[in-house]
2 protein chains.
Amino acid sequence: MQPLTIGALAAQTGVKIPTIRYYESIGLLPEAPRTDSNRRTYDAAAVRRLRFIRHARELGFEVEAIRQLLTLADDPGQPCRQADLLARAHLAEIESKIARLESLRAELREMVGHCEQGQVRTCHVIEVLADHAHCLHDHH
Amino acid sequence: MQPLTIGALAAQTGVKIPTIRYYESIGLLPEAPRTDSNRRTYDAAAVRRLRFIRHARELGFEVEAIRQLLTLADDPGQPCRQADLLARAHLAEIESKIARLESLRAELREMVGHCEQGQVRTCHVIEVLADHAHCLHDHH
DNA sequence: TCTTGATCCTCCAGTGACTGGAGACTCTAG
DNA sequence: CTAGAGTCTCCAGTCACTGGAGGATCAAGA
């Protein structure tokens, strides 16, 4: 497999070109080797690493967490307790996000469908947002 | 009820002081009347409006959407179709967010608890993040 | 009355994670 | 050979805040 251009890498991973350069600039991706004419080249390892990053971002990991995970992945002889802790912390975060969103969904479901094409003064969208008592969840 | 200071408003609404000033600066809150010594003062209406904003932010509405909702709320004679459409659009967004997070949660649950205090090379956290085949969801 | 500490003011810069434009260079296909 | 697509660097902007510097003002206790 001959080296990829940045555009090809972007196409293969679904990560935009400026984002790839950004990841390099913050050290998530190593500096890509260049051609004679100064263009970045990538190999299969770069594709895997960028997929790793993209996947972790999709899971909601912050860049700093990803940096730690990559350090662990780069050095596979270490115990994985740290990575596990990272994932556990993130799982807790996701579960609270889901819970919050579910109550927000309930609230929005209350809101829509109650609009009888009437006036704002009887519209639940405005009401629910304005009136604290309509809260179905307890986040405050 | 005598006018509130910005600190009291912050305490009553849970919105931080710089955030309140920021909301004023972008026009979500009207310019607060000042005391002789140039301090902002707020009344019950300001508390309601800020709660409205906070609530909408918690529901995930963007500032622009909130601005529209506030415009509608400020002028209650208008039909509420627009507000309803806004809420509907947002509901769809929230539902897709929930679905995504649920699959991410499944993935993370797969990951944690499989760490046998072993080495990274057998750690699912790293594996799942590195290996595309472990995806339980279909977002790519 | 004085002083101390809390609160407030404005202005400005930074955050995270990108995103996009300007202007210049280079590669590829016809 | 030329046109257009792709790439380069640099820099500025996005969103929704967040925080610090430096200075003014207020409330309460000695």
# chains A, B, ... in the order shown; residues from 1 in each chain; ligands from 1
call {"tool": "residues_around", "arguments": {"residues": "DT15 in chain C", "least_positions_apart": "2", "cutoff": "10 Å", "atoms": "only C-alpha atoms (C1' of nucleotides)", "output": "short mmCIF file (atom, residue, chain, number, x, y, z; two decimals) with all heavy atoms, in the first residue's frame"}}
result
data_model
loop_
_atom_site.label_atom_id
_atom_site.label_comp_id
_atom_site.auth_asym_id
_atom_site.auth_seq_id
_atom_site.Cartn_x
_atom_site.Cartn_y
_atom_site.Cartn_z
P DA C 17 -11.62 18.85 23.93
OP1 DA C 17 -12.48 17.83 24.56
OP2 DA C 17 -10.15 18.78 24.05
"O5'" DA C 17 -11.99 18.92 22.38
"C5'" DA C 17 -13.35 19.11 22.03
"C4'" DA C 17 -13.41 19.64 20.61
"O4'" DA C 17 -13.08 21.04 20.60
"C3'" DA C 17 -12.43 18.97 19.63
"O3'" DA C 17 -13.13 18.61 18.47
"C2'" DA C 17 -11.43 20.08 19.35
"C1'" DA C 17 -12.35 21.26 19.42
N9 DA C 17 -11.72 22.58 19.48
C8 DA C 17 -10.44 22.88 19.85
N7 DA C 17 -10.15 24.16 19.75
C5 DA C 17 -11.31 24.73 19.29
C6 DA C 17 -11.66 26.05 18.97
N6 DA C 17 -10.82 27.08 19.08
N1 DA C 17 -12.91 26.28 18.52
C2 DA C 17 -13.75 25.25 18.39
N3 DA C 17 -13.54 23.96 18.66
C4 DA C 17 -12.29 23.77 19.11
P DC D 17 -23.99 29.26 27.86
OP1 DC D 17 -23.92 28.37 29.02
OP2 DC D 17 -25.29 29.62 27.26
"O5'" DC D 17 -23.23 30.64 28.15
"C5'" DC D 17 -22.32 30.78 29.24
"C4'" DC D 17 -21.04 30.03 28.99
"O4'" DC D 17 -20.34 30.66 27.91
"C3'" DC D 17 -20.10 30.04 30.18
"O3'" DC D 17 -19.90 28.72 30.62
"C2'" DC D 17 -18.82 30.67 29.69
"C1'" DC D 17 -18.95 30.59 28.17
N1 DC D 17 -18.27 31.72 27.48
C2 DC D 17 -16.86 31.72 27.36
O2 DC D 17 -16.22 30.78 27.85
N3 DC D 17 -16.25 32.76 26.73
C4 DC D 17 -16.98 33.74 26.23
N4 DC D 17 -16.34 34.73 25.60
C5 DC D 17 -18.41 33.76 26.33
C6 DC D 17 -19.00 32.74 26.96
P DT D 18 -19.57 28.47 32.17
OP1 DT D 18 -19.48 27.01 32.37
OP2 DT D 18 -20.48 29.29 32.98
"O5'" DT D 18 -18.11 29.08 32.34
"C5'" DT D 18 -16.97 28.33 31.90
"C4'" DT D 18 -15.73 29.12 32.21
"O4'" DT D 18 -15.60 30.22 31.29
"C3'" DT D 18 -15.66 29.72 33.62
"O3'" DT D 18 -14.56 29.13 34.25
"C2'" DT D 18 -15.47 31.23 33.38
"C1'" DT D 18 -14.94 31.27 31.95
N1 DT D 18 -15.23 32.49 31.16
C2 DT D 18 -14.18 33.15 30.56
O2 DT D 18 -13.02 32.80 30.69
N3 DT D 18 -14.54 34.26 29.82
C4 DT D 18 -15.82 34.74 29.62
O4 DT D 18 -16.00 35.73 28.92
C5 DT D 18 -16.86 34.00 30.28
C7 DT D 18 -18.28 34.45 30.13
C6 DT D 18 -16.53 32.92 31.01
P DG D 19 -14.27 29.40 35.77
OP1 DG D 19 -13.75 28.14 36.33
OP2 DG D 19 -15.42 30.08 36.38
"O5'" DG D 19 -13.06 30.43 35.68
"C5'" DG D 19 -12.00 30.16 34.77
"C4'" DG D 19 -11.06 31.35 34.76
"O4'" DG D 19 -11.55 32.34 33.82
"C3'" DG D 19 -10.92 32.06 36.10
"O3'" DG D 19 -9.55 32.37 36.26
"C2'" DG D 19 -11.74 33.34 35.91
"C1'" DG D 19 -11.50 33.62 34.43
N9 DG D 19 -12.49 34.46 33.79
C8 DG D 19 -13.85 34.42 33.96
N7 DG D 19 -14.49 35.32 33.25
C5 DG D 19 -13.49 35.99 32.58
C6 DG D 19 -13.56 37.07 31.66
O6 DG D 19 -14.55 37.65 31.25
N1 DG D 19 -12.29 37.45 31.22
C2 DG D 19 -11.12 36.86 31.61
N2 DG D 19 -10.01 37.37 31.09
N3 DG D 19 -11.04 35.86 32.46
C4 DG D 19 -12.26 35.47 32.91
#
call {"tool": "interface_residues", "arguments": {"of": "chain A", "to": "chain C", "cutoff": "10 Å", "atoms": "only C-alpha atoms (C1' of nucleotides)", "output": "list in words"}}
result
Lys16, Pro18, Thr19, Tyr22, Tyr23, Ser37, Asn38, Arg39, Glu62 and Val63 of chain A
call {"tool": "residues_around", "arguments": {"residues": "Leu4 in chain A", "least_positions_apart": "3", "cutoff": "8 Å", "atoms": "only C-alpha atoms (C1' of nucleotides)", "output": "list in words"}}
result
Gly7, Ala8, Leu9, Thr41, Tyr42 and Asp43 of chain A
call {"tool": "closest_atom_pairs", "arguments": {"of": "chain D", "to": "chain A", "cutoff": "8 Å", "atoms": "only C-alpha atoms (C1' of nucleotides)", "output": "Markdown table"}}
result
| residue | atom | partner | partner_atom | distance |
| --- | --- | --- | --- | --- |
| D:DG6 | C1' | A:Gly7 | CA | 7.9 |
| D:DT7 | C1' | A:Arg39 | CA | 6.7 |
| D:DC8 | C1' | A:Arg39 | CA | 7.3 |
call {"tool": "atom_distance", "arguments": {"atom1": "CA of Leu69 in chain B", "atom2": "CA of Arg100 in chain A"}}
result
21.8 Å
call {"tool": "atom_distance", "arguments": {"atom1": "CA of Phe61 in chain B", "atom2": "CA of Arg49 in chain B"}}
result
14.9 Å
call {"tool": "atom_distance", "arguments": {"atom1": "CA of Gly60 in chain A", "atom2": "CA of Gly14 in chain A"}}
result
16.4 Å
